[in-house]
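Peer 1: Below you'll find the structure I mean.
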Amino acid sequence: MDLKKLANRSSLHKEIISFFHNNPSSIDTPRGVSVWVHGDLVKVRQVLEELAQEGVLEADKVTSTTGYSYTRNPKIISQIEAILKKTR
Amino acid sequence: MESGQGYKKNESLIKLLERKLQSDQHKQLFEKLFGNCVYFLVEDLGKLSKNFEKEISRCKIFSGSGIDHDTCRASISEMIKKSGSAGKIGRFSCELGSSGICYPIIQGDKLYGYLVICRAEKQVSDEMLELLSSFMDVSLSDTQKESELKKLYDTIRPRAIALSTVHTLHRLISSTLNLNELLPRIARLTLQVMRANRCSIKLVDSKRKTLLPKSTVDLRAKITKLKKVQIGKWAPGKAVKFGKSIRGRDFLATPLIDEDVIGVITVYDKVDKKPFTDFDEEIMKTLCEQAVIAIRNAQLYKDQERMTIGSIKSIAAIMETKAPGTFLPKASFLKLVHMVGVELKLSEYELKCLEYASLLHDAGQITLPDQLTNKKGVLTGEEYNMIKEHPQKAAIILKPLKALKNVVPIILHHHENFDGTGYPNGLKKEEIPIGARIMGVVGSFEAMITHRHYRKHMTIKNAVEEIKSNSGKQFDPNVVRAFLVVMNKKGILKMLRKEIYGSKKISK
């Protein structure tokens, strides 16, 4: 997986990745995340699912919702750190 | 007014104001008022801002003068001192002969710093100074508002995000009443929130002497064995004994407190190797409060489930005393019904309802006269009609048991046929509850392979063929397909043969 390409797929991708990178203890629903990144709920939901499939986020699915949280994989985290540093 | 040194200062505010004044919009305004001037903010008397070097190098007079920065700085510092002491706008001419202004940035009793404008190309009139004064008041007021908003944002946002996390956790952990699902989920989510490497949940045993390990998530290379812990020993035991968090550098044990302490959640080794903090302790307390409610709910649900099963067994036992070997379903029937349900991907709750319905599906026959129940011969038409009423009778008997609300429809309709030719309501296709359609197939199969007083049992092979030939007529084709898959599974035929020839009844 090319994390740089993934992060640059849209500004929303970068916003969401940045949100979880800066708040690694956060677990939130698509609705919650859409508030923090000021994004459209439907688009946020799609990007969250995409990021979970790529291993950047973890998804805890229950009947009524899904909780997304940041990966614990140190390799992914350090790569993201480098990507975000460049774009700051 | 106090002297310059006595004023309270707000460093972040002056920095914000400095940024604001560097915008194109402000630059244009300064240019209109004073020509191609140089301006910068000074926070303290005699201490020029970082922008000084940059701005002063833009001064054409300075560049060609051969005067060094220190001389220029000393000249401006002197002017600031004068202006600051007076608390008024000061006009000046620098060493190089350039005219300028020193504007003390004051609001109320606070002196925030100074705006220094060098090399004003135009003559600075009183009207211009008045205009500058109003402009600076507005800019300072705006900056203050921005600063307050920023502070509010910086303070509230992390707490709002934490609150949102707690809310999400609550939703995630209260969505199941199954303890075997709940505890690993709590452990996993705790690990995620605390960014720790290990989380262990222990619950107090019934004798209240030891803590039993119930769920552990360990991401470390060397995995610790799950151990019982005596209450009062080690961090988890102490947390339970004293009913409060026990924190060390690399561990944090938080008790699960309901009316009494029911267990403990312990997290170990933060990913960033930092020690656990007061904030971590607060978060864990909140998380444990959520967890304890979810655990108690799951335990209560389990107790209720045990009571329901107990009631069902009591009903079945009463039925069995009336006509031994007649009403209790065979183990094979229960197993086949369950396996077909699993094959059709029914939820855990639907499977539970199906299990209860399987145990009680003939409960209505308890209302039949003994001579009919025990009759050894072919039934008359009238007798058959009485037997056909047993699903409705069962529904009437079981209706008061609210826990069986979703079980009753399965029992009521387990003799309906897929093509609408069954009883009691002649329901068709999906009108018939899925549990009832499953019981229809498995019940018919069981009846065919069971010996009756008035007829011999069919072979398993022939009974399966009979089910197949009635697919889409008496039986739901999807259920038949699932049934055939189950019949091909290892051990099924052996189990059925043993039951037919051993004719063992179960007492589940």
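Letters for chains follow the order of the structure tokens (A, B, ...), residue numbers begin at 1 for each chain, and ligand numbers begin at 1 in the order shown.
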Just need the residues of chain A within 9 Å of chain B, counting only C-alpha atoms, so spit them out as a list of chain:residue names.
Peer 2: A:Asn23, A:Pro24, A:Ser25, A:Ser26, A:Ile27, A:Asp28, A:Thr29, A:Gly32, A:Trp36, A:Asp60, A:Lys61, A:Val62, A:Thr63, A:Ser64, A:Thr65, A:Thr66, A:Gly67, A:Ser69, A:Tyr70, A:Thr71, A:Arg72
Peer 1: Pull N, CA, C and O atoms from the residues just selected and write them as a PDB file, in the first residue's frame.
Peer 2:
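Written out: selection-v9.pdb:
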ATOM      1  N   ASN A  23      -4.835  12.621  17.257  1.00  0.00           N
ATOM      2  CA  ASN A  23      -5.662  12.164  18.381  1.00  0.00           C
ATOM      3  C   ASN A  23      -5.686  10.635  18.380  1.00  0.00           C
ATOM      4  O   ASN A  23      -6.735  10.020  18.152  1.00  0.00           O
ATOM      5  N   PRO A  24      -4.549   9.999  18.634  1.00  0.00           N
ATOM      6  CA  PRO A  24      -4.476   8.540  18.482  1.00  0.00           C
ATOM      7  C   PRO A  24      -5.343   7.759  19.462  1.00  0.00           C
ATOM      8  O   PRO A  24      -5.640   6.597  19.221  1.00  0.00           O
ATOM      9  N   SER A  25      -5.782   8.407  20.553  1.00  0.00           N
ATOM     10  CA  SER A  25      -6.630   7.688  21.519  1.00  0.00           C
ATOM     11  C   SER A  25      -8.106   7.759  21.149  1.00  0.00           C
ATOM     12  O   SER A  25      -8.939   7.174  21.833  1.00  0.00           O
ATOM     13  N   SER A  26      -8.402   8.476  20.102  1.00  0.00           N
ATOM     14  CA  SER A  26      -9.802   8.688  19.755  1.00  0.00           C
ATOM     15  C   SER A  26     -10.424   7.456  19.087  1.00  0.00           C
ATOM     16  O   SER A  26      -9.790   6.786  18.284  1.00  0.00           O
ATOM     17  N   ILE A  27     -11.650   7.173  19.467  1.00  0.00           N
ATOM     18  CA  ILE A  27     -12.462   6.169  18.765  1.00  0.00           C
ATOM     19  C   ILE A  27     -13.745   6.891  18.422  1.00  0.00           C
ATOM     20  O   ILE A  27     -14.413   7.411  19.323  1.00  0.00           O
ATOM     21  N   ASP A  28     -14.077   6.967  17.167  1.00  0.00           N
ATOM     22  CA  ASP A  28     -15.266   7.742  16.821  1.00  0.00           C
ATOM     23  C   ASP A  28     -16.053   7.125  15.679  1.00  0.00           C
ATOM     24  O   ASP A  28     -15.533   6.346  14.887  1.00  0.00           O
ATOM     25  N   THR A  29     -17.310   7.540  15.629  1.00  0.00           N
ATOM     26  CA  THR A  29     -18.223   7.075  14.584  1.00  0.00           C
ATOM     27  C   THR A  29     -18.046   7.971  13.356  1.00  0.00           C
ATOM     28  O   THR A  29     -17.479   9.074  13.467  1.00  0.00           O
ATOM     29  N   GLY A  32     -19.233  11.429  14.161  1.00  0.00           N
ATOM     30  CA  GLY A  32     -18.301  12.168  15.021  1.00  0.00           C
ATOM     31  C   GLY A  32     -17.123  12.694  14.220  1.00  0.00           C
ATOM     32  O   GLY A  32     -16.783  13.878  14.308  1.00  0.00           O
ATOM     33  N   TRP A  36     -15.388  16.584  13.379  1.00  0.00           N
ATOM     34  CA  TRP A  36     -14.010  17.032  13.639  1.00  0.00           C
ATOM     35  C   TRP A  36     -13.294  17.503  12.380  1.00  0.00           C
ATOM     36  O   TRP A  36     -12.443  18.377  12.438  1.00  0.00           O
ATOM     37  N   ASP A  60     -14.352  -1.067  14.447  1.00  0.00           N
ATOM     38  CA  ASP A  60     -15.117  -1.935  15.348  1.00  0.00           C
ATOM     39  C   ASP A  60     -16.576  -1.815  14.962  1.00  0.00           C
ATOM     40  O   ASP A  60     -17.212  -0.801  15.244  1.00  0.00           O
ATOM     41  N   LYS A  61     -17.068  -2.864  14.303  1.00  0.00           N
ATOM     42  CA  LYS A  61     -18.444  -2.782  13.797  1.00  0.00           C
ATOM     43  C   LYS A  61     -19.429  -3.432  14.760  1.00  0.00           C
ATOM     44  O   LYS A  61     -19.199  -4.538  15.221  1.00  0.00           O
ATOM     45  N   VAL A  62     -20.507  -2.703  15.070  1.00  0.00           N
ATOM     46  CA  VAL A  62     -21.631  -3.289  15.801  1.00  0.00           C
ATOM     47  C   VAL A  62     -22.881  -2.992  14.978  1.00  0.00           C
ATOM     48  O   VAL A  62     -22.796  -2.316  13.952  1.00  0.00           O
ATOM     49  N   THR A  63     -24.019  -3.509  15.424  1.00  0.00           N
ATOM     50  CA  THR A  63     -25.231  -3.370  14.610  1.00  0.00           C
ATOM     51  C   THR A  63     -25.550  -1.918  14.270  1.00  0.00           C
ATOM     52  O   THR A  63     -25.846  -1.605  13.129  1.00  0.00           O
ATOM     53  N   SER A  64     -25.455  -1.036  15.286  1.00  0.00           N
ATOM     54  CA  SER A  64     -25.936   0.325  15.062  1.00  0.00           C
ATOM     55  C   SER A  64     -24.895   1.268  14.469  1.00  0.00           C
ATOM     56  O   SER A  64     -25.241   2.281  13.884  1.00  0.00           O
ATOM     57  N   THR A  65     -23.618   0.973  14.609  1.00  0.00           N
ATOM     58  CA  THR A  65     -22.594   1.892  14.105  1.00  0.00           C
ATOM     59  C   THR A  65     -21.233   1.201  13.973  1.00  0.00           C
ATOM     60  O   THR A  65     -21.111   0.008  14.261  1.00  0.00           O
ATOM     61  N   THR A  66     -20.247   1.988  13.533  1.00  0.00           N
ATOM     62  CA  THR A  66     -18.865   1.489  13.493  1.00  0.00           C
ATOM     63  C   THR A  66     -17.983   2.504  14.195  1.00  0.00           C
ATOM     64  O   THR A  66     -18.109   3.701  13.963  1.00  0.00           O
ATOM     65  N   GLY A  67     -17.117   2.012  15.067  1.00  0.00           N
ATOM     66  CA  GLY A  67     -16.155   2.901  15.737  1.00  0.00           C
ATOM     67  C   GLY A  67     -14.809   2.779  15.036  1.00  0.00           C
ATOM     68  O   GLY A  67     -14.303   1.676  14.869  1.00  0.00           O
ATOM     69  N   SER A  69     -10.740   3.788  14.853  1.00  0.00           N
ATOM     70  CA  SER A  69      -9.623   4.272  15.666  1.00  0.00           C
ATOM     71  C   SER A  69      -8.326   4.101  14.876  1.00  0.00           C
ATOM     72  O   SER A  69      -8.295   3.406  13.858  1.00  0.00           O
ATOM     73  N   TYR A  70      -7.276   4.735  15.390  1.00  0.00           N
ATOM     74  CA  TYR A  70      -6.007   4.778  14.656  1.00  0.00           C
ATOM     75  C   TYR A  70      -5.269   3.450  14.764  1.00  0.00           C
ATOM     76  O   TYR A  70      -5.363   2.754  15.781  1.00  0.00           O
ATOM     77  N   THR A  71      -4.537   3.137  13.705  1.00  0.00           N
ATOM     78  CA  THR A  71      -3.744   1.901  13.709  1.00  0.00           C
ATOM     79  C   THR A  71      -2.724   1.913  14.845  1.00  0.00           C
ATOM     80  O   THR A  71      -2.344   2.967  15.344  1.00  0.00           O
ATOM     81  N   ARG A  72      -2.280   0.724  15.244  1.00  0.00           N
ATOM     82  CA  ARG A  72      -1.230   0.639  16.252  1.00  0.00           C
ATOM     83  C   ARG A  72       0.073   0.190  15.593  1.00  0.00           C
ATOM     84  O   ARG A  72       1.057  -0.042  16.268  1.00  0.00           O
TER      85      ARG A  72
END
Peer 1: For A:Leu48, work out the shell of residues within 8 Å, counting only C-alpha atoms and skipping chain neighbours fewer than 5 positions away, then give it as number ranges by chain.
Peer 2: A: 16, 30, 57, 68
Peer 1: Using only C-alpha atoms, which protein or nucleic acid residues come within 12 Å of A:His13? Drop anything in the same chain fewer than 2 positions from it, and give the result as JSON, numbers by chain.
Peer 2: {"A": [3, 4, 5, 6, 7, 8, 9, 10, 11, 15, 16, 17, 18, 19, 20, 33, 34, 37, 39, 43, 44, 45, 46, 47, 48, 49, 50, 51, 52, 56, 57, 80, 84]}
Peer 1: So that I can check the surroundings of B:Val464, please list as a PyMOL selection string every protein, DNA and RNA residue that reaches within 12 Å of it, counting only C-alpha atoms and ignoring chain neighbours fewer than 4 positions away.
Peer 2: chain B and resi 441-442+444-449+458-460+468-471+480-481+483-488+493
Peer 1: May I have the selected residues written with C-alpha atoms, as a PDB file, in the first residue's frame?
Peer 2:
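Output (part-v3.pdb):
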ATOM      1  CA  VAL B 441     -38.625 -29.340   7.173  1.00  0.00           C
ATOM      2  CA  VAL B 442     -36.769 -30.892  10.115  1.00  0.00           C
ATOM      3  CA  SER B 444     -41.374 -33.654   8.873  1.00  0.00           C
ATOM      4  CA  PHE B 445     -38.059 -35.422   8.343  1.00  0.00           C
ATOM      5  CA  GLU B 446     -37.980 -36.512  11.988  1.00  0.00           C
ATOM      6  CA  ALA B 447     -41.602 -37.753  11.786  1.00  0.00           C
ATOM      7  CA  MET B 448     -40.791 -39.798   8.670  1.00  0.00           C
ATOM      8  CA  ILE B 449     -37.788 -41.565  10.193  1.00  0.00           C
ATOM      9  CA  MET B 458     -38.926 -44.601   6.523  1.00  0.00           C
ATOM     10  CA  THR B 459     -35.226 -45.050   5.795  1.00  0.00           C
ATOM     11  CA  ILE B 460     -33.124 -41.887   6.112  1.00  0.00           C
ATOM     12  CA  LYS B 468     -36.422 -33.009  -1.795  1.00  0.00           C
ATOM     13  CA  SER B 469     -39.515 -33.892  -3.821  1.00  0.00           C
ATOM     14  CA  ASN B 470     -41.625 -31.512  -1.707  1.00  0.00           C
ATOM     15  CA  SER B 471     -39.209 -28.604  -2.042  1.00  0.00           C
ATOM     16  CA  VAL B 480     -34.349 -27.642   1.942  1.00  0.00           C
ATOM     17  CA  ARG B 481     -31.017 -26.662   0.375  1.00  0.00           C
ATOM     18  CA  PHE B 483     -31.037 -29.069   5.219  1.00  0.00           C
ATOM     19  CA  LEU B 484     -29.300 -31.099   2.468  1.00  0.00           C
ATOM     20  CA  VAL B 485     -25.987 -29.356   3.227  1.00  0.00           C
ATOM     21  CA  VAL B 486     -26.389 -30.248   6.909  1.00  0.00           C
ATOM     22  CA  MET B 487     -27.314 -33.866   6.087  1.00  0.00           C
ATOM     23  CA  ASN B 488     -24.037 -34.240   4.192  1.00  0.00           C
ATOM     24  CA  LEU B 493     -26.039 -39.950   9.644  1.00  0.00           C
TER      25      LEU B 493
END
Peer 1: At what distance in Å, to one decimal, does atom CA of B:Leu404 lie from atom CA of B:Lys302?
Peer 2: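 Separation between atom CA of B:Lys302 and atom CA of B:Leu404: 15.1 Å.
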Peer 1: For atom CA of B:Lys456 and atom CA of B:Asp370, quote the distance in Å rounded to one decimal.
Peer 2: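 Answer for the atom CA of B:Lys456 to atom CA of B:Asp370 separation: 23.0 Å.
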Peer 1: Considering only helix (DSSP H, G or I) as DSSP defines it on the backbone, what residues of stretch 228-372 of chain B qualify? List them as a ChimeraX atom specification.
Peer 2: /B:234-242,278-322,331-343,348-360,363-367,370-372
Peer 1: Which residues come within 10 Å of B:Ala239, counting only C-alpha atoms, excluding same-chain residues fewer than 2 positions away, as a ChimeraX atom specification?
Peer 2: /B:231-237,241-247,252-256,261,263-266
Peer 1: Please produce a file of those selected residues containing C-alpha atoms, as a compact mmCIF listing (two decimals), in the first residue's frame.
Peer 2:
# COMPACT_ATOMS: atom_id res chain seq x y z
CA ILE B 231 -7.77 -10.02 46.14
CA GLY B 232 -5.32 -7.70 47.88
CA LYS B 233 -2.29 -8.89 45.93
CA TRP B 234 -0.59 -7.23 42.99
CA ALA B 235 -2.01 -4.10 41.40
CA PRO B 236 -5.32 -5.67 40.21
CA GLY B 237 -5.90 -7.33 43.59
CA LYS B 241 -9.49 -4.58 47.72
CA PHE B 242 -9.29 -0.80 48.16
CA GLY B 243 -11.83 0.09 45.48
CA LYS B 244 -9.54 2.65 43.85
CA SER B 245 -7.10 2.93 40.96
CA ILE B 246 -3.60 1.60 41.53
CA ARG B 247 -1.06 3.24 39.25
CA LEU B 252 -2.83 1.15 35.73
CA ALA B 253 -5.42 -1.02 37.47
CA THR B 254 -8.93 0.41 37.73
CA PRO B 255 -11.70 -1.32 39.69
CA LEU B 256 -15.07 -2.09 38.14
CA VAL B 261 -16.39 -4.16 43.22
CA GLY B 263 -13.66 -6.84 38.88
CA VAL B 264 -10.76 -4.84 37.54
CA ILE B 265 -9.36 -3.66 34.20
CA THR B 266 -5.58 -3.38 34.10
Peer 1: Please determine, counting only C-alpha atoms, which residue among A:Gly55, A:Ser78, A:Val42, A:Asn73 has the shortest atom-to-atom distance to A:Met1.
Peer 2: A:Gly55
Peer 1: Taking the chain letters and numbering used in this document, name the residues of stretch 249-443 of chain B that DSSP puts in strand (DSSP E or B), as number ranges by chain.
Peer 2: B: 251-257, 261-270
Peer 1: My list of candidates is B:Val116, B:Ala403, B:Val337, B:Leu140. Which is closest to B:Leu16 when distances are computed with only C-alpha atoms?
Peer 2: B:Leu140
Peer 1: Just the residues within 8 Å of stretch 293-295 of chain B, please, counting only C-alpha atoms, with nothing from its chain fewer than 6 positions along; format it as a tab-separated table (two decimals) with all heavy atoms, in the first residue's frame.
Peer 2:
chain	number	residue	atom	x	y	z
B	173	ILE	N	-19.82	-0.87	23.37
B	173	ILE	CA	-19.85	-1.96	24.36
B	173	ILE	C	-21.27	-2.30	24.83
B	173	ILE	O	-21.47	-3.38	25.33
B	173	ILE	CB	-18.91	-1.71	25.56
B	173	ILE	CG1	-19.31	-0.48	26.36
B	173	ILE	CG2	-17.47	-1.65	25.14
B	173	ILE	CD1	-18.43	-0.24	27.57
B	174	SER	N	-22.20	-1.37	24.64
B	174	SER	CA	-23.55	-1.71	25.09
B	174	SER	C	-24.37	-2.36	23.98
B	174	SER	O	-25.56	-2.58	24.14
B	174	SER	CB	-24.27	-0.47	25.63
B	174	SER	OG	-24.34	0.50	24.63
B	177	LEU	N	-25.08	-8.24	24.62
B	177	LEU	CA	-25.40	-8.73	25.96
B	177	LEU	C	-24.73	-10.08	26.19
B	177	LEU	O	-25.01	-10.78	27.15
B	177	LEU	CB	-26.92	-8.86	26.11
B	177	LEU	CG	-27.66	-7.52	26.23
B	177	LEU	CD1	-29.15	-7.71	26.08
B	177	LEU	CD2	-27.36	-6.85	27.56
B	179	LEU	N	-21.60	-11.95	27.24
B	179	LEU	CA	-20.35	-11.70	28.00
B	179	LEU	C	-19.11	-12.15	27.24
B	179	LEU	O	-18.07	-11.51	27.30
B	179	LEU	CB	-20.41	-12.42	29.34
B	179	LEU	CG	-20.81	-11.62	30.56
B	179	LEU	CD1	-20.75	-12.48	31.79
B	179	LEU	CD2	-19.96	-10.37	30.76
B	182	LEU	N	-18.58	-9.46	24.84
B	182	LEU	CA	-18.40	-8.15	25.47
B	182	LEU	C	-17.01	-7.95	26.07
B	182	LEU	O	-16.36	-6.93	25.81
B	182	LEU	CB	-19.47	-7.97	26.56
B	182	LEU	CG	-19.37	-6.71	27.40
B	182	LEU	CD1	-19.66	-5.48	26.55
B	182	LEU	CD2	-20.32	-6.76	28.58
B	183	LEU	N	-16.54	-8.91	26.87
B	183	LEU	CA	-15.27	-8.70	27.59
B	183	LEU	C	-14.08	-8.53	26.64
B	183	LEU	O	-13.29	-7.60	26.81
B	183	LEU	CB	-15.04	-9.82	28.60
B	183	LEU	CG	-16.08	-9.86	29.74
B	183	LEU	CD1	-15.85	-11.05	30.65
B	183	LEU	CD2	-16.06	-8.57	30.55
B	258	ASP	N	-19.70	-1.57	40.84
B	258	ASP	CA	-21.16	-1.48	40.69
B	258	ASP	C	-21.66	-1.12	42.10
B	258	ASP	O	-21.25	-0.12	42.64
B	258	ASP	CB	-21.69	-2.82	40.19
B	258	ASP	CG	-23.17	-2.78	39.91
B	258	ASP	OD1	-23.66	-1.70	39.57
B	258	ASP	OD2	-23.82	-3.83	40.01
